[in-house]
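Visitor: For reference, this is coords.cif, and it has mmCIF, C-alpha atoms (C1' of nucleotides).
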data_data
loop_
_atom_site.label_atom_id
_atom_site.label_comp_id
_atom_site.auth_asym_id
_atom_site.auth_seq_id
_atom_site.Cartn_x
_atom_site.Cartn_y
_atom_site.Cartn_z
CA MET A 1 -100.93 -39.62 84.24
CA ASN A 2 -101.51 -37.22 81.39
CA ILE A 3 -99.30 -34.24 80.79
CA GLY A 4 -101.69 -31.78 82.44
CA GLU A 5 -101.67 -33.52 85.77
CA VAL A 6 -97.92 -33.93 85.65
CA ALA A 7 -97.56 -30.25 84.86
CA ASP A 8 -99.74 -29.33 87.84
CA ARG A 9 -98.04 -31.68 90.24
CA SER A 10 -94.47 -30.99 89.12
CA GLY A 11 -94.87 -27.29 88.55
CA VAL A 12 -93.28 -27.64 85.12
CA PRO A 13 -95.47 -26.26 82.29
CA ALA A 14 -96.78 -28.75 79.75
CA LYS A 15 -94.99 -26.90 76.98
CA THR A 16 -91.73 -27.28 78.84
CA ILE A 17 -92.33 -30.96 79.49
CA ARG A 18 -92.81 -31.56 75.77
CA TYR A 19 -89.62 -29.66 75.14
CA TYR A 20 -87.77 -31.76 77.70
CA GLU A 21 -88.99 -34.87 75.95
CA GLU A 22 -87.84 -33.49 72.63
CA ILE A 23 -84.31 -32.97 73.92
CA GLY A 24 -84.29 -36.32 75.66
CA LEU A 25 -84.51 -35.31 79.32
CA VAL A 26 -87.60 -37.44 79.89
CA ARG A 27 -89.06 -40.32 77.91
CA PRO A 28 -92.68 -40.86 78.87
CA ALA A 29 -94.54 -43.87 77.46
CA ARG A 30 -97.50 -43.36 75.14
CA SER A 31 -101.08 -44.48 75.62
CA ALA A 32 -103.05 -46.09 72.81
CA ASN A 33 -104.60 -42.73 71.99
CA GLY A 34 -101.21 -41.12 71.50
CA TYR A 35 -101.23 -39.23 74.79
CA ARG A 36 -98.07 -39.19 76.84
CA ALA A 37 -98.41 -41.54 79.83
CA PHE A 38 -96.25 -40.50 82.76
CA ALA A 39 -95.23 -42.82 85.57
CA GLU A 40 -94.52 -41.55 89.08
CA THR A 41 -90.79 -41.68 88.43
CA GLU A 42 -91.20 -39.33 85.46
CA LEU A 43 -93.10 -36.98 87.69
CA HIS A 44 -90.26 -37.03 90.20
CA LYS A 45 -87.73 -36.41 87.50
CA LEU A 46 -89.66 -33.41 86.23
CA ALA A 47 -89.97 -31.95 89.70
CA PHE A 48 -86.23 -32.50 90.09
CA LEU A 49 -85.60 -30.73 86.81
CA GLY A 50 -87.86 -27.85 87.74
CA ARG A 51 -86.04 -27.37 90.99
CA ALA A 52 -82.62 -27.59 89.37
CA ARG A 53 -83.67 -25.02 86.79
CA THR A 54 -84.81 -22.57 89.48
CA LEU A 55 -81.33 -22.92 90.95
CA GLY A 56 -79.96 -21.76 87.64
CA PHE A 57 -78.48 -25.00 86.36
CA SER A 58 -78.37 -25.08 82.59
CA ILE A 59 -80.18 -27.78 80.67
CA GLU A 60 -76.91 -29.62 80.11
CA GLU A 61 -76.04 -29.39 83.79
CA CYS A 62 -79.53 -30.68 84.56
CA ARG A 63 -78.89 -33.58 82.24
CA ARG A 64 -75.77 -34.49 84.16
CA LEU A 65 -77.48 -34.00 87.51
CA LEU A 66 -80.29 -36.25 86.41
CA ALA A 67 -77.84 -38.91 85.27
CA LEU A 68 -76.19 -38.78 88.68
CA TYR A 69 -79.58 -38.82 90.37
CA GLU A 70 -80.38 -42.07 88.60
CA ASP A 71 -76.97 -43.63 89.04
CA ASP A 72 -76.81 -45.75 92.19
CA ASN A 73 -73.05 -45.98 91.86
CA ARG A 74 -72.48 -42.25 91.75
CA GLU A 75 -70.00 -40.55 94.00
CA SER A 76 -71.34 -37.55 95.83
CA ALA A 77 -68.10 -35.81 94.92
CA GLN A 78 -69.28 -35.67 91.33
CA VAL A 79 -72.48 -33.94 92.34
CA LYS A 80 -70.64 -31.56 94.61
CA ALA A 81 -68.16 -30.68 91.87
CA LEU A 82 -70.97 -29.88 89.47
CA ALA A 83 -72.70 -27.71 92.05
CA GLU A 84 -69.48 -25.92 92.94
CA GLU A 85 -68.79 -25.19 89.32
CA HIS A 86 -72.25 -23.75 88.92
CA LEU A 87 -71.88 -21.76 92.11
CA ALA A 88 -68.71 -20.23 90.70
CA GLU A 89 -70.57 -19.25 87.51
CA VAL A 90 -73.31 -17.65 89.55
CA ASP A 91 -70.76 -15.75 91.61
CA ALA A 92 -69.15 -14.51 88.43
CA ARG A 93 -72.47 -13.31 87.06
CA ILE A 94 -73.27 -11.56 90.32
CA ALA A 95 -69.89 -9.86 90.28
CA GLY A 96 -70.43 -8.70 86.71
CA LEU A 97 -73.86 -7.35 87.51
CA GLN A 98 -72.63 -5.60 90.62
CA ALA A 99 -69.91 -3.84 88.69
CA MET A 100 -72.55 -2.66 86.24
CA ARG A 101 -74.78 -1.71 89.09
CA GLU A 102 -72.14 0.49 90.69
CA THR A 103 -71.43 2.33 87.47
CA LEU A 104 -75.11 2.83 86.85
CA ALA A 105 -75.74 4.05 90.36
CA ARG A 106 -72.90 6.54 90.05
CA LEU A 107 -74.29 7.82 86.77
CA VAL A 108 -77.79 8.13 88.17
CA ARG A 109 -76.48 10.07 91.16
CA SER A 110 -74.55 12.40 88.90
CA CYS A 111 -77.58 13.45 86.86
CA HIS A 112 -79.78 16.32 87.97
CA GLY A 113 -82.81 14.89 86.30
CA ASP A 114 -84.40 18.21 85.48
CA ASP A 115 -85.82 19.82 82.35
CA ARG A 116 -82.48 20.82 80.92
CA PRO A 117 -80.61 18.76 78.31
CA ASP A 118 -77.25 18.59 80.08
CA CYS A 119 -76.79 15.03 81.21
CA PRO A 120 -73.70 13.40 82.71
CA ILE A 121 -75.16 9.99 81.90
CA LEU A 122 -75.15 10.67 78.19
CA ASP A 123 -71.76 12.33 78.50
CA ASP A 124 -70.36 9.24 80.13
CA LEU A 125 -71.84 6.93 77.52
CA ALA A 126 -70.41 9.11 74.77
CA GLN A 127 -66.99 9.37 76.39
CA GLY A 128 -66.70 5.73 77.25
CA GLY A 129 -66.52 6.01 81.02
CA MET B 1 -64.46 4.88 56.95
CA ASN B 2 -65.11 1.24 56.17
CA ILE B 3 -66.72 -1.10 58.63
CA GLY B 4 -63.43 -2.66 59.75
CA GLU B 5 -61.93 0.60 60.89
CA VAL B 6 -65.15 1.57 62.64
CA ALA B 7 -65.20 -1.80 64.36
CA ASP B 8 -61.63 -1.31 65.57
CA ARG B 9 -62.15 2.24 66.74
CA SER B 10 -65.55 1.75 68.34
CA GLY B 11 -64.87 -1.66 69.81
CA VAL B 12 -68.09 -2.95 68.30
CA PRO B 13 -67.59 -6.04 66.08
CA ALA B 14 -68.34 -5.63 62.38
CA LYS B 15 -71.00 -8.31 62.58
CA THR B 16 -72.72 -6.43 65.34
CA ILE B 17 -72.54 -3.17 63.42
CA ARG B 18 -74.29 -4.80 60.47
CA TYR B 19 -76.89 -6.13 62.84
CA TYR B 20 -77.39 -2.67 64.32
CA GLU B 21 -77.93 -1.31 60.86
CA GLU B 22 -80.42 -4.06 60.14
CA ILE B 23 -82.49 -3.11 63.19
CA GLY B 24 -82.17 0.58 62.42
CA LEU B 25 -79.83 1.73 65.18
CA VAL B 26 -77.37 3.21 62.69
CA ARG B 27 -77.76 4.19 59.05
CA PRO B 28 -74.37 4.50 57.38
CA ALA B 29 -74.15 5.83 53.82
CA ARG B 30 -72.91 3.63 51.01
CA SER B 31 -69.92 4.12 48.76
CA ALA B 32 -70.10 3.54 45.04
CA ASN B 33 -68.69 0.05 45.50
CA GLY B 34 -71.47 -0.90 47.91
CA TYR B 35 -69.32 -0.65 51.04
CA ARG B 36 -70.77 1.03 54.10
CA ALA B 37 -69.30 4.51 54.50
CA PHE B 38 -69.27 5.67 58.11
CA ALA B 39 -68.97 9.27 59.19
CA GLU B 40 -67.44 10.31 62.50
CA THR B 41 -70.88 10.75 64.01
CA GLU B 42 -71.73 7.14 63.22
CA LEU B 43 -68.53 6.08 64.91
CA HIS B 44 -69.50 8.03 68.01
CA LYS B 45 -72.93 6.50 68.00
CA LEU B 46 -71.49 3.02 67.81
CA ALA B 47 -69.10 3.67 70.66
CA PHE B 48 -72.05 5.04 72.61
CA LEU B 49 -74.03 1.90 71.87
CA GLY B 50 -71.15 -0.35 72.83
CA ARG B 51 -70.79 1.40 76.14
CA ALA B 52 -74.52 1.33 76.85
CA ARG B 53 -74.60 -2.39 76.08
CA THR B 54 -71.78 -3.11 78.51
CA LEU B 55 -73.89 -1.37 81.13
CA GLY B 56 -76.60 -3.89 80.44
CA PHE B 57 -79.09 -1.68 78.63
CA SER B 58 -81.25 -3.69 76.26
CA ILE B 59 -81.28 -2.87 72.57
CA GLU B 60 -84.60 -1.08 72.95
CA GLU B 61 -83.27 0.92 75.86
CA CYS B 62 -80.24 1.75 73.76
CA ARG B 63 -82.54 2.96 71.04
CA ARG B 64 -84.23 5.33 73.44
CA LEU B 65 -80.92 6.45 74.90
CA LEU B 66 -79.61 7.16 71.43
CA ALA B 67 -82.72 9.14 70.56
CA LEU B 68 -82.21 11.24 73.69
CA TYR B 69 -78.52 11.56 72.90
CA GLU B 70 -79.41 13.07 69.56
CA ASP B 71 -82.25 15.23 70.80
CA ASP B 72 -81.03 18.71 71.70
CA ASN B 73 -84.35 19.41 73.39
CA ARG B 74 -84.21 16.43 75.70
CA GLU B 75 -84.72 16.77 79.40
CA SER B 76 -82.07 15.08 81.50
CA ALA B 77 -84.92 13.78 83.66
CA GLN B 78 -85.87 11.45 80.81
CA VAL B 79 -82.39 10.00 80.68
CA LYS B 80 -82.24 9.65 84.42
CA ALA B 81 -85.61 7.90 84.53
CA LEU B 82 -84.44 5.40 81.94
CA ALA B 83 -81.25 4.73 83.84
CA GLU B 84 -83.10 4.37 87.12
CA GLU B 85 -85.48 1.90 85.60
CA HIS B 86 -82.59 -0.13 84.30
CA LEU B 87 -80.82 0.08 87.61
CA ALA B 88 -83.90 -1.35 89.28
CA GLU B 89 -83.92 -4.25 86.81
CA VAL B 90 -80.28 -4.92 87.52
CA ASP B 91 -80.91 -4.85 91.24
CA ALA B 92 -83.73 -7.33 90.81
CA ARG B 93 -81.52 -9.66 88.83
CA ILE B 94 -78.79 -9.43 91.42
CA ALA B 95 -81.27 -10.20 94.17
CA GLY B 96 -82.53 -13.24 92.27
CA LEU B 97 -79.03 -14.52 91.68
CA GLN B 98 -78.04 -13.96 95.28
CA ALA B 99 -80.99 -15.98 96.50
CA MET B 100 -79.92 -18.77 94.18
CA ARG B 101 -76.37 -18.37 95.31
CA GLU B 102 -77.27 -18.78 98.98
CA THR B 103 -79.25 -21.93 98.36
CA LEU B 104 -76.46 -23.36 96.22
CA ALA B 105 -73.83 -22.51 98.79
CA ARG B 106 -75.86 -24.19 101.51
CA LEU B 107 -76.23 -27.31 99.39
CA VAL B 108 -72.56 -27.43 98.55
CA ARG B 109 -71.66 -27.10 102.23
CA SER B 110 -74.03 -29.91 103.13
CA CYS B 111 -72.44 -32.45 100.79
CA HIS B 112 -69.50 -34.54 101.88
CA GLY B 113 -68.18 -34.86 98.37
CA ASP B 114 -66.70 -38.30 98.83
CA ASP B 115 -66.92 -41.60 96.97
CA ARG B 116 -70.27 -42.62 98.42
CA PRO B 117 -73.57 -42.06 96.63
CA ASP B 118 -75.41 -40.32 99.50
CA CYS B 119 -75.86 -36.71 98.49
CA PRO B 120 -77.87 -33.99 100.21
CA ILE B 121 -77.75 -31.93 97.03
CA LEU B 122 -79.64 -34.56 95.05
CA ASP B 123 -81.93 -35.12 98.01
CA ASP B 124 -82.77 -31.44 98.08
CA LEU B 125 -83.42 -31.29 94.37
CA ALA B 126 -85.66 -34.33 94.59
CA GLN B 127 -87.53 -33.04 97.62
CA GLY B 128 -88.01 -29.55 96.36
CA GLY B 129 -86.07 -27.69 99.01
"C1'" DC C 1 -51.53 -10.50 33.35
"C1'" DA C 2 -52.97 -13.87 36.57
"C1'" DT C 3 -53.54 -14.49 41.15
"C1'" DA C 4 -53.65 -14.49 46.02
"C1'" DA C 5 -54.65 -12.06 50.22
"C1'" DG C 6 -57.45 -9.40 52.74
"C1'" DG C 7 -61.00 -6.34 52.78
"C1'" DG C 8 -66.09 -5.93 51.89
"C1'" DT C 9 -71.25 -7.75 50.70
"C1'" DT C 10 -75.57 -10.73 51.35
"C1'" DC C 11 -78.11 -14.41 53.28
"C1'" DC C 12 -78.87 -18.53 56.13
"C1'" DA C 13 -78.42 -21.21 60.38
"C1'" DG C 14 -78.00 -21.59 65.08
"C1'" DC C 15 -77.43 -20.66 70.18
"C1'" DA C 16 -80.88 -21.09 75.22
"C1'" DA C 17 -84.99 -22.41 76.77
"C1'" DC C 18 -88.83 -22.08 76.06
"C1'" DG C 19 -93.96 -19.53 74.95
"C1'" DG C 20 -97.86 -18.52 71.72
"C1'" DG C 21 -100.93 -20.05 68.71
"C1'" DA C 22 -102.95 -22.78 64.77
"C1'" DA C 23 -105.06 -27.05 63.09
"C1'" DG C 24 -106.73 -31.19 64.33
"C1'" DC C 25 -107.67 -35.46 67.38
"C1'" DT C 26 -109.84 -37.51 71.83
"C1'" DC C 27 -112.48 -37.87 75.76
"C1'" DA C 28 -116.10 -37.07 79.39
"C1'" DA C 29 -120.40 -34.80 80.39
"C1'" DG C 30 -125.08 -33.22 79.55
"C1'" DC D 1 -125.11 -35.05 69.45
"C1'" DT D 2 -122.73 -31.49 70.79
"C1'" DT D 3 -119.83 -28.87 73.55
"C1'" DG D 4 -115.75 -27.97 75.87
"C1'" DA D 5 -111.55 -29.26 77.82
"C1'" DG D 6 -107.40 -31.52 77.05
"C1'" DC D 7 -104.21 -33.66 74.10
"C1'" DT D 8 -101.27 -33.93 69.63
"C1'" DT D 9 -97.80 -31.87 66.22
"C1'" DC D 10 -95.78 -28.04 63.95
"C1'" DC D 11 -94.00 -23.63 63.15
"C1'" DC D 12 -92.83 -18.91 64.46
"C1'" DG D 13 -90.97 -15.50 67.73
"C1'" DT D 14 -88.11 -14.16 71.46
"C1'" DT D 15 -82.64 -11.60 72.62
"C1'" DG D 16 -78.50 -10.26 70.61
"C1'" DC D 17 -75.78 -11.56 68.31
"C1'" DT D 18 -71.99 -15.18 65.97
"C1'" DG D 19 -70.25 -18.36 62.43
"C1'" DG D 20 -70.09 -19.68 57.87
"C1'" DA D 21 -70.94 -19.96 52.84
"C1'" DA D 22 -70.67 -17.81 48.49
"C1'" DC D 23 -69.49 -14.00 46.18
"C1'" DC D 24 -67.52 -9.01 44.92
"C1'" DC D 25 -63.70 -5.18 45.34
"C1'" DT D 26 -59.01 -3.64 45.86
"C1'" DT D 27 -54.20 -3.94 46.09
"C1'" DA D 28 -49.74 -6.17 45.90
"C1'" DT D 29 -46.87 -9.45 43.89
"C1'" DG D 30 -44.68 -13.19 40.69
#
Please go through the file and, once you have read it, give me the structure as structure tokens.

Guide:
Amino acid sequence: MNIGEVADRSGVPAKTIRYYEEIGLVRPARSANGYRAFAETELHKLAFLGRARTLGFSIEECRRLLALYEDDNRESAQVKALAEEHLAEVDARIAGLQAMRETLARLVRSCHGDDRPDCPILDDLAQGG
Amino acid sequence: MNIGEVADRSGVPAKTIRYYEEIGLVRPARSANGYRAFAETELHKLAFLGRARTLGFSIEECRRLLALYEDDNRESAQVKALAEEHLAEVDARIAGLQAMRETLARLVRSCHGDDRPDCPILDDLAQGG
DNA sequence: CATAAGGGTTCCAGCAACGGGAAGCTCAAG
DNA sequence: CTTGAGCTTCCCGTTGCTGGAACCCTTATG
């Protein structure tokens, strides 16, 4: 399989696949003409990576997930721990964004939004909340 | 005022202040010895920027906010529109993260987390949800 | 007076995770 | 034979800084 087909079937862009090879996430063989030659297992790994990325796992977390995926002697507890850790990070980011969101919403509500210059939003930014 | 004092009083790191000068957000004068010489107004602007950044406004949004802040003929509607736009972005990001969060939480719940290799999390990642 | 500490200055590199685009090779079709 | 699509490598740009090197300025101290 050439990179184009793998990109189509895995949903991971060719550019990204090359990048993943560069950082050692996948190691496709090479054909005589220099083209990358992907086996089915590489395709699966890329689909796996694509999915993990959409769930917000970092590249390094993906690397560990992939290692576990390929390790027949893994313990599911390891996978679960990794996922829980990531879940906690996501929760923290959501909490941070929601705090921002509340402040922003309050500011937006406080502003008339007319043709006059007076603006509680700017006042707040200048005052520091 | 030298950069260190401005950093302390505004809460914006000296490195960041230099960066903001580089991209044209602030334009401090220079003393004879080559040091940046900040006026009170620059200090206020930096505090303003720091606050806007903690609310998640991008640098370009901060630039526009600062321009409005300094424009006596502004209309508060312009500020409000900018803030509303940003609020919508934040909401979108929260929604995206929450979707991720739900999937992750479901996966974590589904995994025993014991010493055996069977793992619904890896299965899900491999299958594509 | 030499020097050491603690400012300040510039510039360069790097982070995450790719995407865009150039220059050039290969392959299949007409 | 030529055209066009697909592949290759390489390098730059993104966002918003942060760390570090190498060097200058100022002040206090032995």

Visitor: How many Å separate CA of Glu89 in chain B from CA of Glu102 in chain A?

Guide: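 Those two atoms sit 13.3 Å apart.
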
Visitor: Show me, as a PDB file with C-alpha atoms (C1' of nucleotides), keeping the file's coordinate frame, every residue of chain D with an atom at most 9 Å from chain B, counting only C-alpha atoms (C1' of nucleotides).

Guide:
ATOM      1  C1'  DT D  15     -82.640 -11.600  72.620  1.00  0.00           C
ATOM      2  C1'  DG D  16     -78.500 -10.260  70.610  1.00  0.00           C
ATOM      3  C1'  DC D  17     -75.780 -11.560  68.310  1.00  0.00           C
ATOM      4  C1'  DT D  18     -71.990 -15.180  65.970  1.00  0.00           C
ATOM      5  C1'  DC D  25     -63.700  -5.180  45.340  1.00  0.00           C
TER       6       DC D  25
END

Visitor: Can you measure CA of Cys111 in chain B to CA of Asp91 in chain A for me? One decimal in Å is fine.

Guide: 19.1 Å

Visitor: Just say which residues the PyMOL selection byres ((chain C) within 12 of (chain B)) picks in this file, as a list of chain:residue names.

Guide: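 Applying the expression gives C:DG6, C:DG7, C:DG8, C:DT9, C:DT10.
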
Visitor: Tell me the residues of chain A close to chain B, meaning within 8 Å using all atoms listed in the file, as a ChimeraX atom specification.

Guide: /A:44-45,47-49,51-52,54-56,65,69,72-81,83-84,87,90-91,94,97-98,100-101,103-105,108,111-119,121-122,125-129

Visitor: May I ask for the distance between CA of Pro28 in chain A and CA of Val6 in chain A, given in Å to one decimal place?

Guide: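 Interatomic distance, CA of Pro28 in chain A to CA of Val6 in chain A: 11.0 Å.
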
Visitor: Step by step, work through what the PyMOL selection byres ((chain C and resi 5) around 12) selects in the shown file, and finish by giving those residues as a VMD selection string.

Guide: (chain C and resid 3 to 4 6 to 7) or (chain D and resid 26 to 29)

Visitor: Step by step, work through what the PyMOL selection byres ((chain D and resi 22) around 12) selects in the shown file, and finish by giving those residues as number ranges by chain.

Guide: C: 9-12; D: 20-21, 23-24

Visitor: Starting from 3 Å padding per side, set up an axis-aligned box that covers all listed atoms of range 16-23 of chain C and hand over centre and edge lengths in Å, one decimal, as JSON.

Guide:
{"center_x": -93.0, "center_y": -22.8, "center_z": 69.9, "size_x": 30.2, "size_y": 14.5, "size_z": 19.7}
